[in-house]
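Next comes input24.cif, with mmCIF, C-alpha atoms and all ligand atoms.
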data_my_file
loop_
_atom_site.label_atom_id
_atom_site.label_comp_id
_atom_site.auth_asym_id
_atom_site.auth_seq_id
_atom_site.Cartn_x
_atom_site.Cartn_y
_atom_site.Cartn_z
CA MET A 24 0.75 -15.13 23.70
CA THR A 25 -2.23 -17.20 22.45
CA LYS A 26 -2.96 -20.88 22.10
CA GLY A 27 -4.72 -22.91 19.39
CA CYS A 28 -6.47 -21.35 16.42
CA THR A 29 -9.92 -20.10 15.50
CA ARG A 30 -9.88 -22.05 12.21
CA LYS A 31 -9.84 -25.71 11.35
CA CYS A 32 -7.86 -26.00 8.12
CA SER A 33 -7.90 -29.65 7.12
CA PHE A 34 -4.17 -29.75 6.36
CA CYS A 35 -3.15 -28.42 9.77
CA SER A 36 -2.47 -30.23 13.03
CA VAL A 37 -3.09 -27.22 15.27
CA PRO A 38 -6.85 -27.86 15.73
CA ILE A 39 -5.97 -31.36 16.96
CA LEU A 40 -2.95 -30.50 19.09
CA GLU A 41 -4.43 -27.35 20.60
CA PRO A 42 -8.21 -27.67 20.18
CA THR A 43 -9.22 -24.71 22.36
CA TYR A 44 -8.41 -21.20 21.26
CA LYS A 45 -7.10 -19.02 24.04
CA PRO A 46 -7.01 -15.40 22.86
CA LYS A 47 -4.39 -14.35 25.39
CA ILE A 48 -2.03 -16.08 27.75
CA ASN A 49 -0.30 -14.03 30.41
CA THR A 50 3.27 -14.01 29.27
CA ILE A 51 4.89 -11.08 30.99
CA ASP A 52 5.51 -13.08 34.22
CA LYS A 53 7.24 -15.87 32.28
CA PHE A 54 9.20 -13.23 30.43
CA LYS A 55 10.37 -11.68 33.73
CA GLU A 56 11.31 -15.08 35.09
CA ILE A 57 13.43 -15.81 32.02
CA LYS A 58 15.02 -12.38 32.26
CA ASP A 59 15.91 -12.91 35.93
CA ARG A 60 17.32 -16.37 35.38
CA PHE A 61 19.10 -15.99 32.02
CA GLY A 62 19.40 -12.24 31.54
CA GLU A 63 17.78 -10.02 28.98
CA GLN A 64 17.53 -11.60 25.52
CA GLN A 65 18.03 -9.86 22.20
CA ASN A 66 15.08 -11.21 20.22
CA LEU A 67 11.61 -12.51 20.88
CA LEU A 68 10.40 -15.58 19.07
CA LEU A 69 6.70 -16.28 19.46
CA MET A 70 5.05 -19.46 18.26
CA ASP A 71 1.42 -18.41 18.16
CA ASN A 72 -0.61 -20.18 15.51
CA ASN A 73 -2.95 -17.34 14.75
CA VAL A 74 -2.21 -14.24 16.77
CA LEU A 75 -4.24 -11.95 14.49
CA ALA A 76 -7.40 -13.88 15.32
CA SER A 77 -7.15 -12.71 18.90
CA PRO A 78 -9.64 -10.04 19.97
CA GLN A 79 -6.91 -9.05 22.44
CA PHE A 80 -4.31 -8.43 19.73
CA VAL A 81 -3.86 -4.79 20.79
CA GLU A 82 -3.14 -5.86 24.39
CA ILE A 83 -0.72 -8.51 23.12
CA ILE A 84 1.27 -5.95 21.16
CA ASP A 85 1.26 -3.58 24.13
CA GLU A 86 2.59 -6.37 26.35
CA ILE A 87 5.36 -7.12 23.83
CA LYS A 88 6.28 -3.44 23.87
CA ALA A 89 6.30 -3.48 27.68
CA MET A 90 8.81 -6.33 27.48
CA GLY A 91 11.13 -3.89 25.68
CA PHE A 92 10.35 -4.90 22.11
CA TYR A 93 9.13 -1.64 20.59
CA LYS A 94 10.03 -0.28 17.17
CA GLY A 95 13.65 0.89 17.14
CA ALA A 96 14.51 -0.90 20.43
CA THR A 97 18.15 -1.85 20.90
CA PHE A 98 19.80 -4.43 23.08
CA VAL A 99 23.12 -4.61 24.88
CA GLU A 100 24.02 -8.08 26.02
CA PRO A 101 24.17 -8.30 29.84
CA ASN A 102 27.25 -9.70 31.58
CA GLN A 103 26.68 -13.41 30.87
CA PHE A 104 29.58 -14.46 33.11
CA GLU A 105 27.91 -12.76 36.07
CA ILE A 106 24.58 -14.47 35.24
CA ALA A 107 26.25 -17.87 34.92
CA ILE A 108 28.03 -17.51 38.27
CA LYS A 109 24.76 -16.46 39.95
CA ASN A 110 23.12 -19.64 38.60
CA LEU A 111 26.07 -21.77 39.72
CA LYS A 112 25.83 -20.30 43.21
CA GLU A 113 22.13 -21.15 43.26
CA GLY A 114 22.86 -24.67 42.00
CA PHE A 115 20.74 -24.22 38.88
CA ASN A 116 21.88 -26.52 36.05
CA ASP A 117 25.56 -26.80 37.03
CA ILE A 118 26.60 -28.77 33.93
CA ALA A 119 25.21 -26.20 31.51
CA PHE A 120 26.58 -23.18 33.36
CA ILE A 121 30.06 -24.68 33.83
CA LYS A 122 30.17 -25.19 30.05
CA LYS A 123 28.80 -21.72 29.45
CA CYS A 124 31.48 -20.12 31.69
CA PHE A 125 34.22 -22.08 29.95
CA TYR A 126 32.97 -20.97 26.55
CA LEU A 127 32.55 -17.31 27.60
CA LEU A 128 35.99 -17.02 29.22
CA ASN A 129 37.83 -18.71 26.37
CA GLU A 130 35.96 -16.72 23.77
CA LEU A 131 36.93 -13.51 25.56
CA LEU A 132 40.56 -14.64 25.63
CA THR A 133 40.81 -15.70 21.98
CA LYS A 134 38.50 -13.23 20.28
CA ARG A 135 37.99 -10.09 22.32
CA ILE A 136 41.17 -9.16 24.20
CA LYS A 137 43.37 -7.73 21.45
CA ASN A 138 46.06 -6.28 23.78
CA LYS A 139 48.73 -8.98 24.14
CA ASP A 140 49.73 -8.11 27.75
CA LYS A 141 46.12 -8.02 28.89
CA ALA A 142 45.43 -11.31 27.12
CA GLU A 143 48.41 -12.87 28.86
CA GLU A 144 47.22 -11.53 32.21
CA PHE A 145 43.75 -13.02 31.61
CA ARG A 146 45.20 -16.31 30.36
CA SER A 147 47.42 -16.72 33.43
CA ILE A 148 44.45 -16.15 35.80
CA LEU A 149 42.49 -18.78 33.85
CA ASP A 150 45.48 -21.09 34.06
CA SER A 151 45.87 -20.62 37.81
CA TYR A 152 42.26 -21.77 38.28
CA HIS A 153 42.61 -24.62 35.70
CA LEU A 154 40.03 -22.99 33.44
CA LEU A 155 41.82 -23.45 30.12
CA ASN A 156 40.52 -26.97 29.66
CA ILE A 157 36.88 -28.00 29.97
CA LYS A 158 37.92 -31.22 31.74
CA THR A 159 39.62 -29.32 34.58
CA THR A 160 37.00 -26.55 34.80
CA THR A 161 35.04 -26.92 38.02
CA LYS A 162 32.15 -25.08 39.60
CA GLU A 163 34.22 -24.28 42.67
CA ASN A 164 37.10 -22.81 40.65
CA LEU A 165 34.75 -20.74 38.56
CA ILE A 166 33.09 -19.23 41.62
CA ASN A 167 36.47 -18.59 43.29
CA SER A 168 37.95 -17.00 40.17
CA PHE A 169 34.99 -14.69 39.60
CA PRO A 170 36.19 -11.65 41.65
CA GLU A 171 39.52 -11.70 39.77
CA LEU A 172 38.18 -12.42 36.28
CA ASN A 173 35.02 -10.35 36.21
CA PRO A 174 36.58 -6.85 36.03
CA LEU A 175 38.47 -7.94 32.88
CA PHE A 176 35.41 -9.74 31.55
CA GLU A 177 33.31 -6.63 32.09
CA LYS A 178 35.89 -4.44 30.36
CA TYR A 179 36.32 -6.53 27.24
CA ARG A 180 32.93 -8.13 26.69
CA ASP A 181 30.80 -7.06 23.73
CA LYS A 182 28.69 -4.06 24.69
CA THR A 183 27.60 -2.93 21.23
CA ALA A 184 23.95 -2.06 20.87
CA LYS A 185 22.06 -4.37 18.52
CA ALA A 186 18.62 -4.06 17.02
CA ARG A 187 15.91 -6.24 18.59
CA TYR A 188 13.46 -8.30 16.58
CA VAL A 189 10.17 -10.02 17.14
CA ASP A 190 9.14 -12.98 15.03
CA PHE A 191 5.76 -14.72 15.04
CA ASN A 192 7.43 -17.83 13.72
CA GLN A 193 4.31 -19.83 12.85
CA GLY A 194 3.01 -17.14 10.53
CA THR A 195 0.06 -14.79 10.59
CA ASP A 196 -3.33 -15.07 8.91
CA ALA A 197 -3.84 -12.60 6.05
CA ARG A 198 -7.62 -13.05 6.29
CA TYR A 199 -7.67 -11.22 9.63
CA VAL A 200 -5.41 -8.36 8.54
CA THR A 201 -6.90 -4.88 8.64
CA ASP A 202 -5.30 -1.48 8.28
CA GLU A 203 -5.69 -0.95 12.03
CA LEU A 204 -4.14 -4.30 13.02
CA MET A 205 -1.19 -3.88 10.65
CA ASN A 206 -0.60 -0.40 12.03
CA LYS A 207 -0.56 -1.91 15.53
CA MET A 208 1.78 -4.72 14.40
CA SER A 209 4.21 -2.11 13.07
CA GLU A 210 4.66 -0.75 16.62
CA ILE A 211 6.94 -3.70 17.37
CA PRO A 212 10.19 -4.53 15.51
CA ILE A 213 8.64 -7.40 13.58
CA ARG A 214 11.16 -9.15 11.33
CA PRO A 215 10.23 -10.95 9.27
CA LEU A 216 6.48 -10.68 9.16
CA ARG A 217 5.41 -14.17 8.15
CA VAL A 218 2.13 -14.37 6.32
CA ALA A 219 0.68 -17.69 5.26
CA PHE A 220 -0.23 -18.06 1.58
CA ASP A 221 -1.57 -21.60 1.74
CA TYR A 222 -3.61 -21.56 -1.46
CA LEU A 223 -4.13 -19.26 -4.43
CA GLY A 224 -7.77 -18.61 -3.47
CA MET A 225 -6.56 -16.28 -0.73
CA GLU A 226 -4.58 -14.10 -3.16
CA LYS A 227 -6.72 -11.01 -2.53
CA GLN A 228 -6.31 -11.15 1.25
CA TYR A 229 -2.62 -12.06 0.98
CA VAL A 230 -1.81 -9.18 -1.38
CA ASN A 231 -3.79 -6.81 0.83
CA ALA A 232 -1.76 -7.93 3.87
CA VAL A 233 1.55 -7.41 2.05
CA ARG A 234 0.48 -3.97 0.81
CA LEU A 235 -0.54 -2.94 4.31
CA ALA A 236 2.78 -4.21 5.68
CA ALA A 237 4.60 -2.03 3.13
CA LYS A 238 2.36 0.91 4.02
CA TYR A 239 3.47 0.62 7.65
CA ASP A 240 7.13 0.21 6.73
CA ILE A 241 7.43 -3.52 7.49
CA LYS A 242 10.04 -4.38 4.87
CA GLU A 243 11.06 -7.96 5.65
CA LEU A 244 8.39 -10.49 4.86
CA SER A 245 8.23 -14.20 4.64
CA ASN A 246 5.49 -16.59 3.61
CA TYR A 247 4.59 -20.25 3.77
CA LEU A 248 3.39 -21.83 0.55
CA LEU A 249 1.64 -25.14 1.09
CA TYR A 250 1.84 -27.40 -1.96
CA ASN A 251 0.98 -30.99 -2.84
CA PHE A 252 -2.42 -30.56 -1.13
CA LYS A 253 -5.42 -29.67 -3.31
CA ASP A 254 -3.43 -27.14 -5.34
CA LYS A 255 -2.11 -27.49 -8.88
CA PRO A 256 1.60 -26.95 -9.65
CA GLU A 257 0.79 -23.80 -11.63
CA GLU A 258 -0.83 -22.37 -8.49
CA LEU A 259 2.41 -22.79 -6.59
CA TYR A 260 4.20 -21.05 -9.47
CA ARG A 261 1.70 -18.20 -9.43
CA ARG A 262 2.01 -17.71 -5.66
CA MET A 263 5.79 -17.46 -5.96
CA GLU A 264 5.41 -15.09 -8.90
CA ILE A 265 3.03 -12.86 -6.92
CA ASN A 266 5.75 -12.53 -4.28
CA ILE A 267 8.34 -11.58 -6.87
CA GLU A 268 5.98 -8.96 -8.29
CA LEU A 269 5.08 -7.53 -4.87
CA ALA A 270 8.72 -7.39 -3.75
CA GLU A 271 9.61 -5.47 -6.93
CA GLU A 272 6.70 -3.10 -6.77
CA LEU A 273 6.83 -2.33 -3.05
CA ASN A 274 10.60 -2.59 -2.57
CA LEU A 275 10.36 -5.39 0.00
CA HIS A 276 12.36 -8.48 0.86
CA ILE A 277 10.06 -11.45 0.61
CA PHE A 278 11.23 -14.98 1.35
CA SER A 279 8.93 -17.79 0.35
CA PHE A 280 9.04 -21.22 1.92
CA PRO A 281 7.22 -23.86 -0.12
CA MET A 282 6.04 -26.57 2.29
CA LYS A 283 5.07 -29.98 1.03
CA TYR A 284 1.81 -31.30 2.40
CA ILE A 285 1.93 -34.60 4.28
CA PRO A 286 -1.36 -36.07 5.59
CA LEU A 287 -1.93 -36.03 9.33
CA PHE A 288 -3.74 -39.37 9.58
CA GLY A 289 -3.77 -42.84 8.09
CA GLU A 290 -1.10 -44.80 6.31
CA ASP A 291 0.09 -41.75 4.35
CA ALA A 292 0.97 -39.99 7.59
CA LYS A 293 3.59 -42.64 8.35
CA HIS A 294 5.95 -41.74 5.51
CA ARG A 295 6.91 -38.72 3.46
CA GLU A 296 5.90 -40.07 0.06
CA TYR A 297 2.34 -38.77 -0.17
CA VAL A 298 1.45 -37.34 -3.58
CA GLY A 299 -1.47 -34.88 -3.96
CA ASN A 300 -4.08 -35.31 -6.71
CA HIS A 301 -2.53 -32.74 -9.02
CA TRP A 302 1.05 -33.72 -8.28
CA ASN A 303 3.28 -36.67 -9.01
CA LYS A 304 6.60 -37.97 -7.70
CA LYS A 305 8.63 -36.31 -10.43
CA TYR A 306 7.12 -32.86 -9.88
CA ILE A 307 7.77 -33.10 -6.15
CA ARG A 308 11.36 -34.25 -6.71
CA ALA A 309 11.83 -31.35 -9.12
CA ILE A 310 10.62 -28.77 -6.58
CA GLN A 311 12.82 -30.35 -3.92
CA SER A 312 15.82 -30.34 -6.28
CA ILE A 313 15.41 -26.62 -6.92
CA LEU A 314 14.93 -25.89 -3.22
CA ASN A 315 17.84 -28.11 -2.25
CA VAL A 316 20.26 -25.53 -3.61
CA THR A 317 18.62 -22.68 -1.71
CA LYS A 318 17.93 -24.55 1.56
CA GLY A 319 14.21 -24.36 0.99
CA ILE A 320 14.02 -20.61 0.39
CA VAL A 321 12.70 -18.73 -2.62
CA ALA A 322 14.14 -15.23 -2.19
CA SER A 323 13.07 -12.00 -3.88
CA GLY A 324 14.65 -11.33 -7.25
CA ARG A 325 13.15 -12.02 -10.63
CA ASN A 326 16.37 -13.28 -12.21
CA PHE A 327 16.89 -16.14 -9.80
CA PHE A 328 13.19 -16.98 -9.75
CA GLU A 329 12.91 -17.18 -13.52
CA ARG A 330 16.07 -19.19 -13.81
CA ALA A 331 15.03 -21.62 -11.08
CA PHE A 332 11.32 -21.98 -11.81
CA GLY A 333 10.97 -20.74 -15.38
CA LYS A 334 9.84 -17.52 -17.07
CA ASP A 335 6.25 -18.68 -17.28
CA VAL A 336 4.05 -21.65 -16.41
CA ASN A 337 5.04 -23.50 -19.61
CA GLU A 338 8.73 -23.25 -18.72
CA PHE A 339 7.88 -24.23 -15.16
CA TYR A 340 6.22 -27.44 -16.36
CA GLU A 341 9.19 -28.14 -18.59
CA ILE A 342 11.52 -27.80 -15.58
CA LEU A 343 9.26 -30.10 -13.57
CA HIS A 344 9.90 -32.77 -16.23
CA MET A 345 13.63 -32.09 -16.47
CA PRO A 346 16.08 -34.73 -15.18
CA GLU A 347 16.90 -34.00 -11.54
CA THR A 348 20.63 -33.77 -12.18
CA TYR A 349 20.04 -31.20 -14.91
CA ILE A 350 17.97 -29.13 -12.48
CA VAL A 351 20.53 -29.11 -9.66
CA TYR A 352 23.61 -28.63 -11.86
CA ARG A 353 21.83 -26.30 -14.28
CA SER A 354 24.78 -24.35 -15.68
CA LEU A 355 27.01 -27.40 -15.92
CA PHE A 356 24.57 -29.31 -18.09
CA GLU A 357 23.73 -26.21 -20.08
CA GLU A 358 27.42 -25.76 -20.86
CA THR A 359 27.81 -29.34 -21.99
CA GLY A 360 24.83 -28.85 -24.31
CA LEU A 361 22.93 -31.74 -22.77
CA THR A 362 20.11 -29.53 -21.49
CA ASP A 363 19.42 -28.21 -24.99
CA ILE A 364 19.45 -31.72 -26.40
CA TRP A 365 17.05 -32.83 -23.66
CA LYS A 366 14.79 -29.85 -24.35
CA SER A 367 14.46 -30.49 -28.05
CA GLU A 368 13.95 -34.21 -27.52
CA PHE A 369 11.41 -33.54 -24.77
CA ARG A 370 9.45 -31.11 -26.95
CA ALA A 371 9.46 -33.58 -29.83
CA ILE A 372 8.41 -36.53 -27.72
CA LYS A 373 5.64 -34.47 -26.12
CA GLU A 374 4.13 -33.97 -29.56
CA SER A 375 4.59 -37.62 -30.50
CA ASN A 376 2.33 -40.63 -30.07
CA PHE A 377 4.67 -41.98 -27.39
CA TRP A 378 3.98 -39.19 -24.93
CA ASP A 379 1.38 -41.06 -22.84
CA GLU A 380 3.82 -43.89 -22.31
CA VAL A 381 6.78 -41.60 -21.53
CA LYS A 382 4.70 -39.41 -19.23
CA ILE A 383 3.85 -42.35 -16.95
CA ILE A 384 7.50 -43.35 -16.63
CA ILE A 385 8.70 -39.79 -15.93
CA GLU A 386 5.93 -39.02 -13.45
CA ASN A 387 6.77 -42.14 -11.45
CA SER A 388 10.31 -40.79 -11.13
CA ASP A 389 11.82 -44.27 -11.17
CA PHE A 390 14.44 -44.61 -13.88
CA LYS A 391 15.93 -47.92 -12.86
CA ASN A 392 15.61 -50.97 -15.15
CA LEU A 393 14.12 -48.91 -17.95
CA GLU A 394 14.22 -51.89 -20.34
CA ASP A 395 11.54 -53.50 -18.18
CA LYS A 396 9.36 -50.43 -18.53
CA THR A 397 9.41 -49.96 -22.31
CA LYS A 398 10.69 -51.73 -25.38
CA ASN A 399 10.49 -48.61 -27.53
CA PRO A 400 14.10 -47.69 -28.56
CA ASP A 401 13.25 -43.99 -29.07
CA ILE A 402 11.80 -43.73 -25.59
CA LEU A 403 14.75 -45.63 -24.12
CA SER A 404 17.17 -43.32 -25.85
CA PHE A 405 15.37 -40.23 -24.52
CA LEU A 406 15.14 -41.60 -20.98
CA LYS A 407 18.93 -41.99 -20.84
CA HIS A 408 18.97 -38.33 -19.74
CA TYR A 409 17.28 -39.42 -16.52
CA THR A 410 19.86 -42.04 -15.69
CA ILE A 411 22.68 -39.52 -15.23
CA THR A 412 23.05 -39.29 -11.47
CA ARG A 413 24.65 -36.65 -9.31
CA ASP A 414 27.54 -39.05 -8.73
CA ASP A 415 28.30 -38.94 -12.46
CA VAL A 416 29.01 -35.23 -12.14
CA ASN A 417 32.72 -34.72 -11.55
CA GLU A 418 33.05 -31.06 -12.24
CA GLU A 419 32.01 -28.41 -9.78
CA ASP A 420 29.03 -26.41 -10.89
CA LYS A 421 30.09 -22.86 -10.10
CA GLU A 422 26.54 -21.53 -10.27
CA VAL A 423 25.30 -24.07 -7.74
CA GLU A 424 28.17 -23.23 -5.41
CA LYS A 425 27.48 -19.52 -5.78
CA ILE A 426 23.81 -19.94 -4.98
CA ARG A 427 24.57 -22.27 -2.05
CA LYS A 428 27.04 -19.74 -0.65
CA ARG A 429 24.58 -16.89 -1.02
CA TYR A 430 21.85 -18.78 0.85
CA ASN A 431 24.23 -20.07 3.52
CA ASN A 432 25.31 -16.49 4.20
CA LEU A 433 21.74 -15.39 4.27
CA ILE A 434 20.88 -18.05 6.82
CA LYS A 435 23.95 -17.30 8.92
CA LYS A 436 22.92 -13.66 9.12
CA ASP A 437 19.34 -14.41 10.12
CA LYS A 438 18.76 -16.86 12.91
CA PHE A 439 15.02 -16.74 12.31
CA VAL A 440 15.40 -17.90 8.75
CA ASN A 441 17.40 -20.78 10.13
CA LEU A 442 14.64 -21.70 12.53
CA THR A 443 12.31 -22.01 9.61
CA LEU A 444 14.45 -24.53 7.81
CA THR A 445 12.62 -27.52 9.12
CA TYR A 446 11.10 -28.40 5.79
CA ASP A 447 11.56 -31.23 3.46
CA PHE A 448 13.74 -29.65 0.82
CA GLU A 449 16.17 -32.52 0.35
S1 LIG B 1 -5.29 -20.80 10.23
FE1 LIG B 1 -3.19 -21.63 10.33
S2 LIG B 1 -2.93 -22.42 12.41
FE2 LIG B 1 -5.14 -22.10 12.06
S3 LIG B 1 -5.90 -24.11 11.42
FE3 LIG B 1 -5.42 -22.92 9.57
S4 LIG B 1 -3.29 -23.44 9.04
FE4 LIG B 1 -3.65 -24.12 11.16
#

Here is a file; write its structure as structure tokens.
Amino acid sequence: MTKGCTRKCSFCSVPILEPTYKPKINTIDKFKEIKDRFGEQQNLLLMDNNVLASPQFVEIIDEIKAMGFYKGATFVEPNQFEIAIKNLKEGFNDIAFIKKCFYLLNELLTKRIKNKDKAEEFRSILDSYHLLNIKTTTKENLINSFPELNPLFEKYRDKTAKARYVDFNQGTDARYVTDELMNKMSEIPIRPLRVAFDYLGMEKQYVNAVRLAAKYDIKELSNYLLYNFKDKPEELYRRMEINIELAEELNLHIFSFPMKYIPLFGEDAKHREYVGNHWNKKYIRAIQSILNVTKGIVASGRNFFERAFGKDVNEFYEILHMPETYIVYRSLFEETGLTDIWKSEFRAIKESNFWDEVKIIIENSDFKNLEDKTKNPDILSFLKHYTITRDDVNEEDKEVEKIRKRYNNLIKKDKFVNLTLTYDFE
């Protein structure tokens, strides 16, 4: 609906890729074209960089509503077989629409026609036109079979009404949020509302945006948390904690997506190893290890948050220093008692004269050939914790599996969450 951005944040590529801000692009014609060619779609995914900056925001929302995406709007899937045949007749992308027809017809046969006689009737029509195998499925046969197959397709296809959603996938800018704009935003079925929380300095504006969202009954929120830029680790912790507090207080679902900063130019832009001034390799690996289990998401819920990131900043820093394997397989190593041993040794060594030497080794996150790095037997003994690799873990960690399952389900249920999983959480 817009292009570019009104700001020039130094960590962002938008000002370079799209240097001119266009406050509104006519979209309704494109929307109609898509609708005519591919049929009505359930959801609307918009990739504006900063839609709230637009002085035409009200018009944009009205246009989205005119497209059929108003609060409470529902969607019934159109007859996709009919649409595919129309495209085949017009010669538009034959390969894709032959595949689509094959998939639709076979899905109807195996999943939707429960009556055995009817299923057999449908199967034998498919068979007579050689449509049971993708290799024998041809455009000509599909078009010829259409009059016979479509009445059954129409009868058994899914016609349940589903809720429609709109997602400004690139996030919105809390600094532009006003009561009036949030009220306008709430006229469309926005889910989730993504608000950027790039640095702690914008806490006031961010919290205001979340409160206004709650005021206008926008319950599903998501936010991007840039880290490894100019921020300190405790500022990442605090931003996540603010989300936990807001979700509790306002009864919202808030997903946070920590995003690691990578420079846009120079040598550091050519790899993914860049380390910000207040960060080090170990801290970054620790964050990635925690996020690995949850596919990059920090969901609402104090229990999980405190377990994953610590009850306070001190615990958070302790986790950042923890061996990676102990972080990922938390309950397993807790059960074996190794985590407690590590903790007491870590606390002791932190108070000792060796700490400066140990700190450098840990922060470099390279635990190979430790004998070359120190001759101190106490340090070597402590660093053994860091040499236990994931491959050494034979037993299944039930907690990890449980969390993985929970997040996989969550992603399966929400295609927009999935679209966001482009980050470096491994
Ligand atoms: S406001 Fe967002 S889109 Fe605009 S320059 Fe900053 S980070 Fe990029």

Have a look at A:Leu259, A:Leu128, A:Leu235, A:Leu249 and name the one nearest to Ile285 of chain A; count all atoms listed in the file.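 That would be A:Leu249, the residue with the smallest distance to Ile285 of chain A.
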
Could you tell me how far atom CA of Pro281 of chain A lies from atom CA of Pro46 of chain A, in Å and to one decimal?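 If I compute the distance from atom CA of Pro281 of chain A to atom CA of Pro46 of chain A, I get 28.3 Å.
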
Residue contacts of segment 87-103 of chain A (8 Å, all atoms listed in the file) excluding same-chain residues fewer than 6 positions away, as number ranges by chain: A: 51, 54, 62-65, 67, 127, 177, 180-189, 209-212

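The gap separating atom CA of Ala232 of chain A from atom CA of Met208 of chain A is 11.6 Å, in Å to one decimal.
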
Could you make a table, as a tab-separated table, of the residues of chain A that have an atom within 8 Å of an atom of ligand LIG 1 (chain B), each with its nearest atom pair and distance in Å to one decimal, counting only C-alpha atoms and all ligand atoms, in chain and number order?
residue	atom	partner	partner_atom	distance
A:Gly27	CA	B:LIG1	S2	7.2
A:Cys28	CA	B:LIG1	FE2	4.6
A:Thr29	CA	B:LIG1	FE2	6.2
A:Arg30	CA	B:LIG1	S3	4.6
A:Lys31	CA	B:LIG1	S3	4.3
A:Cys32	CA	B:LIG1	FE3	4.2
A:Ser33	CA	B:LIG1	S3	7.3
A:Phe34	CA	B:LIG1	S4	6.9
A:Cys35	CA	B:LIG1	FE4	4.5
A:Ser36	CA	B:LIG1	FE4	6.5
A:Val37	CA	B:LIG1	FE4	5.2
A:Pro38	CA	B:LIG1	S3	5.8
A:Asn72	CA	B:LIG1	S2	4.5
A:Asn73	CA	B:LIG1	S2	5.6
A:Gln193	CA	B:LIG1	S2	7.7
A:Gly194	CA	B:LIG1	FE1	7.7
A:Thr195	CA	B:LIG1	FE1	7.6
A:Asp196	CA	B:LIG1	S1	6.2
A:Ala219	CA	B:LIG1	FE1	7.5
A:Asp221	CA	B:LIG1	S4	7.7

Using C-alpha atoms, can you export the residues from the last selection as a short mmCIF file (atom, residue, chain, number, x, y, z; two decimals), in the coordinates of the input?
data_model
loop_
_atom_site.label_atom_id
_atom_site.label_comp_id
_atom_site.auth_asym_id
_atom_site.auth_seq_id
_atom_site.Cartn_x
_atom_site.Cartn_y
_atom_site.Cartn_z
CA GLY A 27 -4.72 -22.91 19.39
CA CYS A 28 -6.47 -21.35 16.42
CA THR A 29 -9.92 -20.10 15.50
CA ARG A 30 -9.88 -22.05 12.21
CA LYS A 31 -9.84 -25.71 11.35
CA CYS A 32 -7.86 -26.00 8.12
CA SER A 33 -7.90 -29.65 7.12
CA PHE A 34 -4.17 -29.75 6.36
CA CYS A 35 -3.15 -28.42 9.77
CA SER A 36 -2.47 -30.23 13.03
CA VAL A 37 -3.09 -27.22 15.27
CA PRO A 38 -6.85 -27.86 15.73
CA ASN A 72 -0.61 -20.18 15.51
CA ASN A 73 -2.95 -17.34 14.75
CA GLN A 193 4.31 -19.83 12.85
CA GLY A 194 3.01 -17.14 10.53
CA THR A 195 0.06 -14.79 10.59
CA ASP A 196 -3.33 -15.07 8.91
CA ALA A 219 0.68 -17.69 5.26
CA ASP A 221 -1.57 -21.60 1.74
#

To one decimal place, how far is atom CA of Lys53 of chain A from atom CA of Leu204 of chain A in Å? 25.2 Å

Counting all atoms listed in the file, closest pick from A:Ile108, A:Ile241, A:Leu165, A:Ile402 relative to Ser375 of chain A is A:Ile402

Rank nothing, just name the residue among A:Phe176, A:Phe327, A:Ala309, A:Ile320 nearest to Met345 of chain A, using only C-alpha atoms. A:Ala309

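Among the candidates A:Ile121, A:Ala76, A:Ile83, A:Ala322, the one nearest to Lys47 of chain A when counting all atoms listed in the file is A:Ile83.
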
In terms of all atoms listed in the file, the residue from A:Lys123, A:Lys366, A:Arg60, A:Lys255 at minimal distance from Tyr306 of chain A is A:Lys255

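Using all atoms listed in the file, the nearest neighbour of Pro215 of chain A within the list A:Thr359, A:Asn246, A:Ser354, A:Ser147 is A:Asn246.
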
So that I can check the surroundings of Pro174 of chain A, please list as a ChimeraX atom specification every protein, DNA and RNA residue that reaches within 12 Å of it, counting only C-alpha atoms and ignoring chain neighbours fewer than 3 positions away. /A:102,104-105,141,145,168-171,177-180

So which residues are close to (7.2, -7.2, 4.6), meaning at most 10 Å away in the file's coordinates with only C-alpha atoms counted, and can you show them as a PyMOL selection string? chain A and resi 213-218+232-246+269-270+273-278

Set the distance at 8 Å and use all atoms listed in the file: which residues neighbour Ile157 of chain A once local chain neighbours fewer than 2 positions away are removed? I'd like the list as a short mmCIF file (atom, residue, chain, number, x, y, z; two decimals) with C-alpha atoms, keeping the file's coordinate frame.
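File selection.cif, as written:
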data_model
loop_
_atom_site.label_atom_id
_atom_site.label_comp_id
_atom_site.auth_asym_id
_atom_site.auth_seq_id
_atom_site.Cartn_x
_atom_site.Cartn_y
_atom_site.Cartn_z
CA LYS A 122 30.17 -25.19 30.05
CA PHE A 125 34.22 -22.08 29.95
CA LEU A 154 40.03 -22.99 33.44
CA LEU A 155 41.82 -23.45 30.12
CA THR A 159 39.62 -29.32 34.58
CA THR A 160 37.00 -26.55 34.80
#

Neighbour list for Leu403 of chain A as a short mmCIF file (atom, residue, chain, number, x, y, z; two decimals) with C-alpha atoms, in the coordinates of the input, cut-off 9 Å, all atoms listed in the file, skip fewer than 6 positions in-chain:
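Okay, result_0.cif is ready:
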data_model
loop_
_atom_site.label_atom_id
_atom_site.label_comp_id
_atom_site.auth_asym_id
_atom_site.auth_seq_id
_atom_site.Cartn_x
_atom_site.Cartn_y
_atom_site.Cartn_z
CA LEU A 393 14.12 -48.91 -17.95
CA GLU A 394 14.22 -51.89 -20.34
CA THR A 397 9.41 -49.96 -22.31
#
